[in-house]
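Asks: Sharing structure_8.cif, mmCIF, C-alpha atoms:
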```
data_start
#
loop_
_atom_site.label_atom_id
_atom_site.label_comp_id
_atom_site.auth_asym_id
_atom_site.auth_seq_id
_atom_site.Cartn_x
_atom_site.Cartn_y
_atom_site.Cartn_z
CA MET A 1 -16.49 -17.36 -11.12
CA ARG A 2 -15.42 -14.42 -13.26
CA ILE A 3 -13.94 -11.72 -11.03
CA ALA A 4 -12.90 -8.17 -11.93
CA HIS A 5 -10.35 -6.90 -9.39
CA LEU A 6 -9.81 -3.13 -9.54
CA MET A 7 -6.31 -2.45 -8.27
CA PRO A 8 -4.63 0.95 -7.89
CA GLY A 9 -0.90 0.76 -8.55
CA SER A 10 1.96 2.52 -6.77
CA GLY A 11 4.04 2.98 -9.91
CA GLY A 12 6.61 0.49 -8.61
CA ALA A 13 8.58 3.18 -6.76
CA PHE A 14 8.25 1.72 -3.26
CA TYR A 15 7.11 -1.28 -1.20
CA CYS A 16 3.33 -0.99 -1.40
CA GLU A 17 1.66 -3.49 0.91
CA ASN A 18 -1.76 -3.07 -0.67
CA CYS A 19 -0.39 -3.65 -4.19
CA LEU A 20 1.47 -6.76 -3.09
CA ARG A 21 -1.53 -8.13 -1.21
CA ASP A 22 -3.77 -7.58 -4.22
CA ALA A 23 -1.35 -9.41 -6.51
CA THR A 24 -1.05 -12.31 -4.05
CA LEU A 25 -4.83 -12.47 -3.70
CA VAL A 26 -5.39 -12.52 -7.47
CA ARG A 27 -2.86 -15.37 -7.86
CA ALA A 28 -4.60 -17.35 -5.12
CA MET A 29 -8.04 -16.87 -6.72
CA ILE A 30 -6.66 -18.03 -10.07
CA ARG A 31 -5.15 -21.14 -8.45
CA ALA A 32 -8.58 -21.80 -6.94
CA GLY A 33 -9.99 -21.99 -10.47
CA HIS A 34 -11.53 -18.55 -10.89
CA ASP A 35 -11.31 -16.36 -13.99
CA VAL A 36 -9.77 -13.13 -12.66
CA SER A 37 -8.89 -9.90 -14.44
CA MET A 38 -6.65 -7.49 -12.56
CA ILE A 39 -7.68 -4.02 -13.74
CA PRO A 40 -4.97 -1.41 -13.10
CA MET A 41 -5.85 2.09 -11.97
CA TYR A 42 -3.91 5.33 -11.46
CA LEU A 43 -0.37 3.93 -11.83
CA PRO A 44 1.17 0.62 -12.97
CA PRO A 45 1.27 -2.10 -10.28
CA VAL A 46 4.43 -2.78 -8.31
CA GLY A 47 7.12 -4.28 -10.54
CA GLY A 48 7.66 -8.00 -11.01
CA ASP A 49 5.26 -8.98 -8.24
CA ALA A 50 2.38 -8.36 -10.64
CA GLU A 51 4.02 -9.88 -13.71
CA GLY A 52 2.17 -12.71 -15.39
CA LEU A 53 -1.19 -11.78 -13.89
CA PRO A 54 -4.11 -11.48 -16.31
CA GLY A 55 -5.03 -7.84 -16.82
CA SER A 56 -7.42 -5.77 -18.83
CA GLY A 57 -4.77 -4.54 -21.27
CA GLU A 58 -6.10 -1.06 -20.50
CA MET A 59 -5.24 1.53 -17.87
CA PHE A 60 -8.31 3.04 -16.24
CA PHE A 61 -8.26 6.30 -14.33
CA GLY A 62 -4.64 6.86 -15.30
CA GLY A 63 -3.05 9.18 -12.76
CA VAL A 64 -2.16 11.92 -15.22
CA ASN A 65 -5.62 11.94 -16.81
CA VAL A 66 -7.29 11.96 -13.38
CA TYR A 67 -5.23 15.01 -12.44
CA LEU A 68 -5.85 16.86 -15.69
CA GLN A 69 -9.58 16.19 -15.59
CA GLN A 70 -9.66 17.44 -12.02
CA LYS A 71 -7.85 20.69 -12.80
CA PHE A 72 -8.98 21.62 -16.33
CA SER A 73 -12.47 21.21 -17.75
CA ILE A 74 -11.19 20.83 -21.34
CA PHE A 75 -9.71 17.42 -20.44
CA ARG A 76 -13.16 16.16 -19.46
CA LYS A 77 -14.13 16.42 -23.13
CA THR A 78 -11.06 15.10 -24.95
CA PRO A 79 -11.36 11.87 -27.01
CA ARG A 80 -9.84 8.59 -25.90
CA TRP A 81 -7.09 8.62 -28.53
CA PHE A 82 -5.85 11.85 -26.97
CA ASP A 83 -6.14 10.64 -23.36
CA ARG A 84 -4.25 7.46 -24.20
CA MET A 85 -1.02 9.45 -24.59
CA PHE A 86 -1.13 10.24 -20.87
CA ASP A 87 -1.75 6.58 -19.93
CA SER A 88 1.56 5.31 -21.31
CA ARG A 89 3.65 3.34 -18.81
CA LYS A 90 6.56 5.76 -19.24
CA MET A 91 4.37 8.78 -18.49
CA LEU A 92 2.74 7.14 -15.47
CA ARG A 93 6.03 5.98 -13.98
CA TRP A 94 7.32 9.54 -14.31
CA ALA A 95 4.20 10.83 -12.58
CA GLY A 96 4.55 8.24 -9.82
CA GLY A 97 8.00 9.57 -8.98
CA LYS A 98 6.67 13.13 -8.67
CA ALA A 99 4.39 12.60 -5.69
CA SER A 100 6.02 15.55 -3.94
CA MET A 101 4.51 17.86 -6.59
CA THR A 102 0.94 16.97 -5.53
CA SER A 103 -0.39 19.26 -2.80
CA THR A 104 -2.70 18.20 0.01
CA LYS A 105 -5.34 20.45 -1.53
CA ASP A 106 -5.07 18.67 -4.90
CA LEU A 107 -5.23 15.25 -3.22
CA GLY A 108 -8.23 16.29 -1.17
CA GLU A 109 -10.15 17.72 -4.10
CA THR A 110 -9.41 14.71 -6.30
CA THR A 111 -10.31 12.20 -3.59
CA VAL A 112 -13.67 13.85 -2.97
CA SER A 113 -14.29 14.05 -6.73
CA MET A 114 -13.49 10.35 -7.24
CA LEU A 115 -15.86 9.42 -4.41
CA ALA A 116 -18.62 11.42 -6.13
CA GLY A 117 -18.78 8.86 -8.95
CA GLU A 118 -20.80 10.09 -11.94
CA SER A 119 -21.05 13.54 -10.33
CA GLY A 120 -17.27 13.85 -10.05
CA ARG A 121 -14.89 15.40 -12.51
CA GLN A 122 -13.58 11.98 -13.59
CA TRP A 123 -17.03 10.87 -14.87
CA LYS A 124 -15.56 10.21 -18.33
CA GLU A 125 -13.13 7.65 -16.90
CA LEU A 126 -15.90 5.97 -14.90
CA ARG A 127 -18.14 5.60 -17.95
CA ARG A 128 -15.28 4.08 -19.93
CA LEU A 129 -14.63 1.54 -17.16
CA VAL A 130 -18.31 0.56 -16.91
CA GLN A 131 -18.61 0.23 -20.70
CA TRP A 132 -15.55 -2.04 -20.77
CA LEU A 133 -16.92 -4.20 -17.94
CA SER A 134 -20.28 -4.43 -19.72
CA LEU A 135 -18.81 -6.13 -22.80
CA ASP A 136 -19.72 -9.82 -22.99
CA ALA A 137 -16.05 -10.79 -23.10
CA ASN A 138 -15.33 -8.88 -19.87
CA ARG A 139 -18.57 -8.98 -17.90
CA PRO A 140 -17.80 -10.23 -14.37
CA ASP A 141 -19.88 -12.12 -11.82
CA VAL A 142 -18.48 -9.92 -9.05
CA VAL A 143 -16.36 -6.75 -8.88
CA VAL A 144 -13.72 -6.33 -6.17
CA LEU A 145 -12.59 -2.84 -5.16
CA SER A 146 -9.09 -2.86 -3.71
CA ASN A 147 -9.90 -0.22 -1.09
CA VAL A 148 -12.68 2.02 0.15
CA LEU A 149 -11.29 5.05 -1.72
CA LEU A 150 -12.78 3.42 -4.84
CA ALA A 151 -16.27 3.29 -3.30
CA GLY A 152 -17.45 6.04 -5.66
CA LEU A 153 -17.38 3.51 -8.50
CA ALA A 154 -19.81 1.11 -6.85
CA GLU A 155 -23.12 2.79 -7.72
CA SER A 156 -22.43 2.92 -11.47
CA ILE A 157 -21.11 -0.65 -11.50
CA ARG A 158 -24.17 -2.04 -9.71
CA LYS A 159 -26.57 0.01 -11.80
CA SER A 160 -25.01 -0.99 -15.13
CA LEU A 161 -23.95 -4.58 -14.43
CA GLY A 162 -26.28 -5.73 -11.67
CA VAL A 163 -23.48 -7.72 -9.99
CA PRO A 164 -22.27 -7.73 -6.36
CA VAL A 165 -19.52 -5.32 -5.39
CA VAL A 166 -17.01 -6.34 -2.69
CA CYS A 167 -14.63 -3.81 -1.13
CA LEU A 168 -11.40 -4.60 0.70
CA LEU A 169 -10.41 -2.55 3.74
CA GLN A 170 -6.67 -2.07 4.08
CA ASP A 171 -5.23 1.05 5.76
CA GLU A 172 -7.31 3.75 4.03
CA GLU A 173 -8.05 5.57 7.29
CA GLY A 174 -4.65 7.25 7.58
CA PHE A 175 -4.80 8.64 4.06
CA VAL A 176 -8.30 10.09 4.48
CA ASP A 177 -7.41 11.67 7.82
CA SER A 178 -4.25 13.19 6.29
CA LEU A 179 -6.31 15.24 3.83
CA GLY A 180 -6.81 17.93 6.47
CA ASP A 181 -9.83 19.69 7.89
CA ASP A 182 -11.03 20.99 4.52
CA TYR A 183 -11.34 17.60 2.83
CA SER A 184 -11.12 14.77 5.38
CA GLY A 185 -14.67 15.24 6.66
CA LYS A 186 -16.05 15.56 3.14
CA ALA A 187 -14.27 12.37 2.09
CA TRP A 188 -15.59 10.37 5.07
CA ASP A 189 -19.12 11.64 4.40
CA ALA A 190 -18.81 10.64 0.74
CA ILE A 191 -17.52 7.16 1.63
CA ARG A 192 -20.40 6.62 4.06
CA GLY A 193 -22.79 7.64 1.32
CA CYS A 194 -21.36 4.95 -0.98
CA CYS A 195 -21.59 2.07 1.49
CA GLY A 196 -25.15 1.15 0.50
CA ASP A 197 -23.88 0.19 -2.98
CA ILE A 198 -21.29 -2.24 -1.59
CA ASP A 199 -22.46 -5.74 -0.73
CA LEU A 200 -19.60 -6.81 1.51
CA PHE A 201 -16.47 -5.34 3.09
CA ILE A 202 -13.47 -7.59 3.74
CA SER A 203 -10.91 -6.36 6.27
CA VAL A 204 -7.26 -7.40 6.53
CA SER A 205 -7.46 -7.74 10.33
CA ARG A 206 -9.84 -7.83 13.28
CA TYR A 207 -8.36 -4.57 14.50
CA TYR A 208 -9.10 -2.76 11.27
CA ALA A 209 -12.56 -4.26 10.89
CA GLU A 210 -13.57 -2.66 14.19
CA ILE A 211 -12.02 0.68 13.22
CA MET A 212 -13.88 0.83 9.90
CA ARG A 213 -17.18 -0.48 11.25
CA GLU A 214 -17.17 2.49 13.61
CA ARG A 215 -15.90 5.06 11.09
CA LEU A 216 -18.42 4.02 8.42
CA GLY A 217 -21.35 3.03 10.64
CA LEU A 218 -21.46 -0.50 9.20
CA ASP A 219 -23.48 -3.40 10.57
CA GLU A 220 -21.31 -6.20 11.93
CA GLY A 221 -22.59 -8.66 9.32
CA LYS A 222 -21.46 -6.45 6.45
CA VAL A 223 -17.77 -6.75 7.39
CA ARG A 224 -15.75 -9.95 7.38
CA VAL A 225 -12.11 -10.53 8.21
CA ILE A 226 -9.72 -12.39 5.92
CA ASN A 227 -6.17 -12.03 7.15
CA GLY A 228 -3.37 -11.51 4.66
CA GLY A 229 -1.27 -14.45 3.57
CA LEU A 230 1.64 -15.53 1.42
CA ASP A 231 2.63 -18.37 -0.86
CA ILE A 232 5.35 -19.56 1.51
CA SER A 233 6.89 -21.82 -1.13
CA GLU A 234 8.53 -18.64 -2.44
CA TYR A 235 10.18 -17.85 0.91
CA ASP A 236 13.24 -19.93 1.80
CA VAL A 237 14.28 -20.05 5.43
CA SER A 238 17.97 -19.25 5.82
CA GLU A 239 19.79 -21.29 8.47
CA ILE A 240 23.03 -19.34 8.08
CA GLY A 241 22.07 -15.73 8.73
CA PRO A 242 24.40 -12.72 8.94
CA ASP A 243 27.88 -12.88 10.49
CA VAL A 244 27.05 -9.97 12.82
CA PRO A 245 23.68 -8.85 14.22
CA VAL A 246 21.72 -6.93 11.57
CA ILE A 247 18.52 -4.95 12.07
CA GLY A 248 16.30 -4.86 8.99
CA PHE A 249 13.74 -2.26 7.90
CA LEU A 250 11.37 -3.41 5.13
CA SER A 251 8.90 -0.77 4.01
CA GLN A 252 8.71 2.54 2.20
CA MET A 253 11.64 4.66 3.35
CA CYS A 254 9.62 7.49 4.87
CA LYS A 255 8.84 9.23 8.13
CA ALA A 256 5.36 7.70 8.46
CA LYS A 257 6.78 4.17 8.54
CA GLY A 258 9.02 5.08 11.48
CA LEU A 259 12.40 4.91 9.77
CA GLY A 260 13.56 7.93 11.77
CA VAL A 261 12.60 6.20 15.03
CA LEU A 262 14.53 3.08 14.03
CA VAL A 263 17.61 5.06 13.04
CA ASP A 264 17.62 6.81 16.43
CA ALA A 265 17.32 3.43 18.17
CA PHE A 266 20.15 2.04 16.02
CA ILE A 267 22.44 4.94 16.91
CA ALA A 268 21.70 4.46 20.62
CA LEU A 269 22.36 0.71 20.46
CA LYS A 270 25.49 1.15 18.36
CA SER A 271 26.92 3.41 21.06
CA GLU A 272 26.56 0.76 23.78
CA ASP A 273 29.38 -1.47 24.92
CA GLY A 274 29.25 -4.85 23.20
CA LEU A 275 26.98 -3.75 20.34
CA GLY A 276 29.44 -1.74 18.29
CA ASP A 277 29.42 -4.29 15.46
CA ILE A 278 25.66 -4.26 14.76
CA ARG A 279 24.47 -3.11 11.37
CA LEU A 280 21.29 -1.74 9.81
CA LYS A 281 19.83 -2.67 6.39
CA ILE A 282 17.05 -0.58 4.88
CA CYS A 283 14.90 -1.81 2.00
CA GLY A 284 11.63 -0.68 0.43
CA GLY A 285 12.09 2.13 -2.08
CA LYS A 286 10.78 5.68 -1.89
CA SER A 287 8.62 8.31 -3.57
CA GLY A 288 9.79 11.73 -4.66
CA ALA A 289 8.26 13.17 -1.49
CA ASP A 290 10.63 11.06 0.65
CA GLU A 291 13.93 12.37 -0.76
CA GLU A 292 14.40 15.21 1.72
CA PHE A 293 13.61 12.94 4.69
CA ILE A 294 16.11 10.31 3.52
CA ARG A 295 18.81 12.96 3.11
CA GLY A 296 18.19 13.94 6.71
CA VAL A 297 18.50 10.30 7.82
CA ARG A 298 21.81 9.93 6.01
CA GLU A 299 23.11 13.16 7.54
CA LYS A 300 22.16 12.00 11.04
CA LEU A 301 23.92 8.67 10.55
CA ALA A 302 27.00 10.39 9.14
CA GLY A 303 27.04 12.84 12.06
CA ALA A 304 27.01 9.90 14.48
CA GLY A 305 29.80 8.21 12.54
CA PHE A 306 27.69 5.18 11.59
CA LEU A 307 26.73 5.79 7.95
CA ASP A 308 29.18 3.09 6.77
CA ASP A 309 27.36 0.57 9.01
CA VAL A 310 24.06 1.11 7.20
CA GLU A 311 23.11 -0.35 3.82
CA PHE A 312 20.33 1.12 1.70
CA VAL A 313 19.13 -1.75 -0.51
CA GLU A 314 17.87 -0.74 -3.96
CA GLY A 315 15.75 -3.68 -5.15
CA PHE A 316 12.55 -4.65 -3.31
CA GLU A 317 10.70 -7.11 -5.55
CA GLN A 318 9.85 -10.52 -4.16
CA SER A 319 13.19 -12.22 -4.85
CA ASP A 320 15.03 -9.13 -3.56
CA ARG A 321 13.00 -9.16 -0.36
CA VAL A 322 13.77 -12.81 0.32
CA ARG A 323 17.52 -12.19 -0.08
CA PHE A 324 17.23 -9.11 2.12
CA LEU A 325 15.41 -11.01 4.87
CA GLN A 326 17.88 -13.88 4.76
CA GLY A 327 20.60 -11.35 5.61
CA VAL A 328 19.08 -9.80 8.74
CA SER A 329 18.67 -10.93 12.36
CA VAL A 330 15.48 -9.06 13.21
CA VAL A 331 13.03 -6.76 11.39
CA SER A 332 11.42 -3.63 12.79
CA VAL A 333 9.13 -1.10 11.08
CA PRO A 334 8.00 1.18 13.94
CA GLU A 335 5.09 2.80 12.11
CA ARG A 336 4.08 6.16 13.56
CA GLN A 337 0.36 5.46 13.01
CA ALA A 338 -1.53 2.33 13.99
CA ALA A 339 -1.32 -0.06 11.02
CA ALA A 340 -4.06 -2.30 9.64
CA TYR A 341 -1.91 -4.90 7.94
CA GLY A 342 1.88 -5.30 8.34
CA LEU A 343 2.80 -7.47 5.35
CA TYR A 344 6.50 -7.23 6.24
CA VAL A 345 5.75 -9.05 9.52
CA ILE A 346 4.37 -12.03 7.59
CA GLU A 347 7.22 -11.94 5.06
CA ALA A 348 9.88 -11.81 7.78
CA ASN A 349 8.30 -14.70 9.70
CA ALA A 350 8.07 -16.74 6.47
CA VAL A 351 11.87 -16.58 6.24
CA GLY A 352 12.28 -17.37 9.93
CA VAL A 353 13.15 -13.82 11.01
CA PRO A 354 11.52 -12.37 14.16
CA VAL A 355 10.00 -8.88 14.31
CA VAL A 356 9.92 -6.15 16.93
CA GLN A 357 6.88 -3.87 16.55
CA PRO A 358 5.05 -1.21 18.57
CA ASP A 359 2.04 -2.47 20.50
CA ALA A 360 -0.49 -0.67 18.33
CA GLY A 361 -2.85 -1.47 15.49
CA VAL A 362 -2.59 -4.97 14.04
CA PHE A 363 0.80 -5.93 15.45
CA GLY A 364 -0.37 -7.54 18.68
CA GLU A 365 -2.94 -9.53 16.72
CA LEU A 366 -0.36 -10.67 14.15
CA ILE A 367 2.33 -11.65 16.60
CA GLU A 368 -0.18 -13.49 18.79
CA ALA A 369 -1.14 -15.52 15.72
CA THR A 370 2.40 -16.25 14.53
CA GLY A 371 4.54 -16.18 17.68
CA GLY A 372 7.13 -14.57 15.44
CA GLY A 373 8.30 -11.63 17.52
CA VAL A 374 7.45 -9.17 20.27
CA VAL A 375 5.59 -5.91 20.72
CA TYR A 376 6.74 -3.06 22.94
CA SER A 377 4.89 -0.20 24.62
CA GLY A 378 5.52 3.41 23.69
CA ASN A 379 6.72 3.98 20.14
CA THR A 380 9.92 5.81 21.04
CA ALA A 381 13.53 5.20 20.04
CA GLU A 382 14.36 4.34 23.65
CA ALA A 383 11.59 1.73 23.94
CA LEU A 384 12.48 0.24 20.57
CA ALA A 385 16.18 0.01 21.45
CA GLU A 386 15.31 -1.83 24.66
CA ALA A 387 13.11 -4.32 22.77
CA LEU A 388 15.69 -4.88 20.03
CA ARG A 389 18.61 -5.41 22.41
CA GLU A 390 17.53 -8.94 23.37
CA PHE A 391 17.51 -10.10 19.72
CA LEU A 392 20.86 -8.51 18.93
CA VAL A 393 22.67 -9.90 21.97
CA ASP A 394 21.23 -13.38 21.42
CA GLY A 395 22.17 -13.17 17.73
CA LYS A 396 25.86 -12.51 18.40
#
```
Produce structure tokens that represent the structure in this file.

Replies:
Amino acid sequence: MRIAHLMPGSGGAFYCENCLRDATLVRAMIRAGHDVSMIPMYLPPVGGDAEGLPGSGEMFFGGVNVYLQQKFSIFRKTPRWFDRMFDSRKMLRWAGGKASMTSTKDLGETTVSMLAGESGRQWKELRRLVQWLSLDANRPDVVVLSNVLLAGLAESIRKSLGVPVVCLLQDEEGFVDSLGDDYSGKAWDAIRGCCGDIDLFISVSRYYAEIMRERLGLDEGKVRVINGGLDISEYDVSEIGPDVPVIGFLSQMCKAKGLGVLVDAFIALKSEDGLGDIRLKICGGKSGADEEFIRGVREKLAGAGFLDDVEFVEGFEQSDRVRFLQGVSVVSVPERQAAAYGLYVIEANAVGVPVVQPDAGVFGELIEATGGGVVYSGNTAEALAEALREFLVDGK
């Protein structure tokens, strides 16, 4: 089967679970004998994890062009040779690091416009994508949308190509809700209006399938669950482990992923008798919007006298993540919102490292399936410290 997989990139600035899952999925489909093109959108995909995958050779809906076409009508009329300057990898990586410059209002307006398809301000980009897919050399048997925020593309694809459109569901709810009262409702209404042009939705978990069935008003038969997975041959179990107990955090270094909660728990544990030698390792990268938060984390650790016991790991590509996981005793990412996926749970377990996660979202479902950790009630620093203590004492 010839499959076109439309995949928004993160720009490679931070650990993007959706980007990594898409890349893993494309590799698995290729190994199964399918002809897959990974079509990048917005920003380049995350670093080396997407290297070697067959792509379109073109960037569609490049982030800078999407922004310019949203804000200024003149850019909806410029020729492709002009637009191509803004789709260069260097330009897009720069833009990816400037996420803090994008206001909630801009995100909301652009999201609603993208969901409007041909009626949106990015209609020129949509027509270019459909024309490219319509070429005999590129024409797919099925089109896969990486997430429901791309649902606005479905009508034009079906109308022009006459092929099925499949949409993955992986943690879009939090982003849409974060757009605020002015745009969140409009975005949900627009997504619901696109659902008739999508043949099948595939969710990353049972938990998230139920959430999105309710939010989108979908029939049960239109949503299937395919849990995330890994090629475990790339994950070596370490039998040595760290010399002292080490807590690991593997995700984007930001408030939403609960790094502040984990740091507070670490400080509390570090102050207890018998746990003064524990350490904390933090890996996962950041966006420009996270800089101020991370400065605050460093200042809190320094004020407690524990900054030297914390390591901020720079690299987070697949080989970096394996080395990171081999050097920790337990992993915890106490996300502040209920999560749909939790790739870091699967990666940690693949290296033989247990996880400690809040009892919310997908985590109970994941840990029940793997037996690779525990969940705790109440996502507070105190509750997390209590749950972590067992792993740190046993690991001494």

Asks: Would you mind listing, for every residue of segment 222-302 of chain A within 6 Å of segment 13-17 of chain A, the two atoms forming the shortest contact and the distance between them in Å to one decimal, using only C-alpha atoms, sorted by chain and ascending residue number, as CSV?

Replies:
```
residue,atom,partner,partner_atom,distance
A:Ser251,CA,A:Tyr15,CA,5.5
A:Gln252,CA,A:Tyr15,CA,5.4
A:Gly284,CA,A:Tyr15,CA,4.8
A:Gly285,CA,A:Phe14,CA,4.0
A:Lys286,CA,A:Phe14,CA,4.9
```

Asks: Which residues come within 12 Å of segment 130-138 of chain A, counting all atoms listed in the file, excluding same-chain residues fewer than 4 positions away, as a VMD selection string?

Replies: chain A and resid 2 to 6 35 to 39 55 to 61 117 to 118 123 to 126 142 to 143 153 to 163

Asks: Please produce a file of those selected residues containing C-alpha atoms, as a PDB file, in the coordinates of the input.

Replies:
```
ATOM      1  CA  ARG A   2     -15.420 -14.420 -13.260  1.00  0.00           C
ATOM      2  CA  ILE A   3     -13.940 -11.720 -11.030  1.00  0.00           C
ATOM      3  CA  ALA A   4     -12.900  -8.170 -11.930  1.00  0.00           C
ATOM      4  CA  HIS A   5     -10.350  -6.900  -9.390  1.00  0.00           C
ATOM      5  CA  LEU A   6      -9.810  -3.130  -9.540  1.00  0.00           C
ATOM      6  CA  ASP A  35     -11.310 -16.360 -13.990  1.00  0.00           C
ATOM      7  CA  VAL A  36      -9.770 -13.130 -12.660  1.00  0.00           C
ATOM      8  CA  SER A  37      -8.890  -9.900 -14.440  1.00  0.00           C
ATOM      9  CA  MET A  38      -6.650  -7.490 -12.560  1.00  0.00           C
ATOM     10  CA  ILE A  39      -7.680  -4.020 -13.740  1.00  0.00           C
ATOM     11  CA  GLY A  55      -5.030  -7.840 -16.820  1.00  0.00           C
ATOM     12  CA  SER A  56      -7.420  -5.770 -18.830  1.00  0.00           C
ATOM     13  CA  GLY A  57      -4.770  -4.540 -21.270  1.00  0.00           C
ATOM     14  CA  GLU A  58      -6.100  -1.060 -20.500  1.00  0.00           C
ATOM     15  CA  MET A  59      -5.240   1.530 -17.870  1.00  0.00           C
ATOM     16  CA  PHE A  60      -8.310   3.040 -16.240  1.00  0.00           C
ATOM     17  CA  PHE A  61      -8.260   6.300 -14.330  1.00  0.00           C
ATOM     18  CA  GLY A 117     -18.780   8.860  -8.950  1.00  0.00           C
ATOM     19  CA  GLU A 118     -20.800  10.090 -11.940  1.00  0.00           C
ATOM     20  CA  TRP A 123     -17.030  10.870 -14.870  1.00  0.00           C
ATOM     21  CA  LYS A 124     -15.560  10.210 -18.330  1.00  0.00           C
ATOM     22  CA  GLU A 125     -13.130   7.650 -16.900  1.00  0.00           C
ATOM     23  CA  LEU A 126     -15.900   5.970 -14.900  1.00  0.00           C
ATOM     24  CA  VAL A 142     -18.480  -9.920  -9.050  1.00  0.00           C
ATOM     25  CA  VAL A 143     -16.360  -6.750  -8.880  1.00  0.00           C
ATOM     26  CA  LEU A 153     -17.380   3.510  -8.500  1.00  0.00           C
ATOM     27  CA  ALA A 154     -19.810   1.110  -6.850  1.00  0.00           C
ATOM     28  CA  GLU A 155     -23.120   2.790  -7.720  1.00  0.00           C
ATOM     29  CA  SER A 156     -22.430   2.920 -11.470  1.00  0.00           C
ATOM     30  CA  ILE A 157     -21.110  -0.650 -11.500  1.00  0.00           C
ATOM     31  CA  ARG A 158     -24.170  -2.040  -9.710  1.00  0.00           C
ATOM     32  CA  LYS A 159     -26.570   0.010 -11.800  1.00  0.00           C
ATOM     33  CA  SER A 160     -25.010  -0.990 -15.130  1.00  0.00           C
ATOM     34  CA  LEU A 161     -23.950  -4.580 -14.430  1.00  0.00           C
ATOM     35  CA  GLY A 162     -26.280  -5.730 -11.670  1.00  0.00           C
ATOM     36  CA  VAL A 163     -23.480  -7.720  -9.990  1.00  0.00           C
TER      37      VAL A 163
END
```

Asks: For each of A:Met41, A:Cys283, A:Ala289, A:Ala28, take the minimum atom-to-atom distance to Gly62 of chain A, counting only C-alpha atoms, then give the residue where this is smallest.

Replies: A:Met41

Asks: Rank nothing, just name the residue among A:Glu214, A:Glu365, A:Glu347, A:Asp83 nearest to Tyr235 of chain A, using all atoms listed in the file.

Replies: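 Selected residue with least distance to Tyr235 of chain A: A:Glu347.
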
Asks: What is the distance, in Å and to one decimal place, between atom CA of Pro358 of chain A and atom CA of Gly174 of chain A?

Replies: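 Separation of atom CA of Pro358 of chain A and atom CA of Gly174 of chain A: 16.9 Å.
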
Asks: Rounded to one decimal in Å, what is the spacing between atom CA of Leu280 of chain A and atom CA of Ala23 of chain A?

Replies: 28.9 Å

Asks: List the residues matched by the PyMOL selection byres ((chain A and resi 311) around 10) in the displayed structure as a list in words, ordered by chain and then by residue number.

Replies: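 So the PyMOL selection byres ((chain A and resi 311) around 10) ends up selecting Gly248, Arg279, Leu280, Lys281, Ile282, Cys283, Leu307, Asp308, Asp309, Val310, Phe312, Val313 and Glu314 of chain A.
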
Asks: Name every residue that the PyMOL selection byres ((chain A and resi 182) around 10) selects in this structure, writing the answer as a list in words with chains first and numbers rising.

Replies: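 Output of the PyMOL selection byres ((chain A and resi 182) around 10): Thr104, Lys105, Gly108, Glu109, Leu179, Gly180, Asp181, Tyr183, Ser184, Gly185, Lys186 and Ala187 of chain A.
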
Asks: Could you list the residues chosen by the PyMOL selection byres ((chain A and resi 87) around 8) in this structure as a list in words?

Replies: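 When the PyMOL selection byres ((chain A and resi 87) around 8) is applied, the selected residues are Met59, Gly62, Gly63, Val64, Asn65, Asp83, Arg84, Met85, Phe86, Ser88, Arg89, Met91 and Leu92 of chain A.
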
Asks: Using C-alpha atoms, can you write the selected residues to a file as a short mmCIF file (atom, residue, chain, number, x, y, z; two decimals), in the frame of the given file?

Replies:
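New file result24.cif:
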```
data_model
loop_
_atom_site.label_atom_id
_atom_site.label_comp_id
_atom_site.auth_asym_id
_atom_site.auth_seq_id
_atom_site.Cartn_x
_atom_site.Cartn_y
_atom_site.Cartn_z
CA MET A 59 -5.24 1.53 -17.87
CA GLY A 62 -4.64 6.86 -15.30
CA GLY A 63 -3.05 9.18 -12.76
CA VAL A 64 -2.16 11.92 -15.22
CA ASN A 65 -5.62 11.94 -16.81
CA ASP A 83 -6.14 10.64 -23.36
CA ARG A 84 -4.25 7.46 -24.20
CA MET A 85 -1.02 9.45 -24.59
CA PHE A 86 -1.13 10.24 -20.87
CA SER A 88 1.56 5.31 -21.31
CA ARG A 89 3.65 3.34 -18.81
CA MET A 91 4.37 8.78 -18.49
CA LEU A 92 2.74 7.14 -15.47
#
```

Asks: Between A:Gly258, A:Gly274, A:Gly196, A:Pro334, single out the one closest to Gln357 of chain A, counting all atoms listed in the file.

Replies: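 Closest residue, counting all atoms listed in the file: A:Pro334.
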
Asks: Could you write out as JSON the box around segment 366-380 of chain A (axis-aligned, all atoms listed in the file, 4 Å on each side), with centre and edge lengths in Å to one decimal?

Replies:
```
{"center_x": 4.4, "center_y": -5.2, "center_z": 19.4, "size_x": 19.1, "size_y": 30.1, "size_z": 18.5}
```

Asks: To one decimal place, how far is atom CA of Arg213 of chain A from atom CA of Leu169 of chain A in Å?

Replies: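 Separating atom CA of Arg213 of chain A from atom CA of Leu169 of chain A is a distance of 10.3 Å.
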
Asks: Which of these, A:Glu299, A:Val351, A:Ala338, A:Asp264, has the shortest distance to Glu173 of chain A once you count all atoms listed in the file?

Replies: A:Ala338

Asks: Please list as a compact mmCIF listing (two decimals) with C-alpha atoms, in the frame of the given file every residue within 7 Å of segment 343-346 of chain A, counting all atoms listed in the file and excluding residues in the same chain fewer than 4 positions away.

Replies:
```
# COMPACT_ATOMS: atom_id res chain seq x y z
CA GLU A 17 1.66 -3.49 0.91
CA LEU A 250 11.37 -3.41 5.13
CA ALA A 350 8.07 -16.74 6.47
CA VAL A 355 10.00 -8.88 14.31
```

Asks: Go through A:Arg192, A:Arg298, A:Arg80, A:Arg224 and flag the residue nearest Met253 of chain A, using all atoms listed in the file for the distances.

Replies: A:Arg298

Asks: Measuring atom to atom with all atoms listed in the file, identify which of A:Leu392, A:Leu145, A:Val333, A:Leu115 is nearest to Leu275 of chain A.

Replies: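 Nearest to Leu275 of chain A: A:Leu392.
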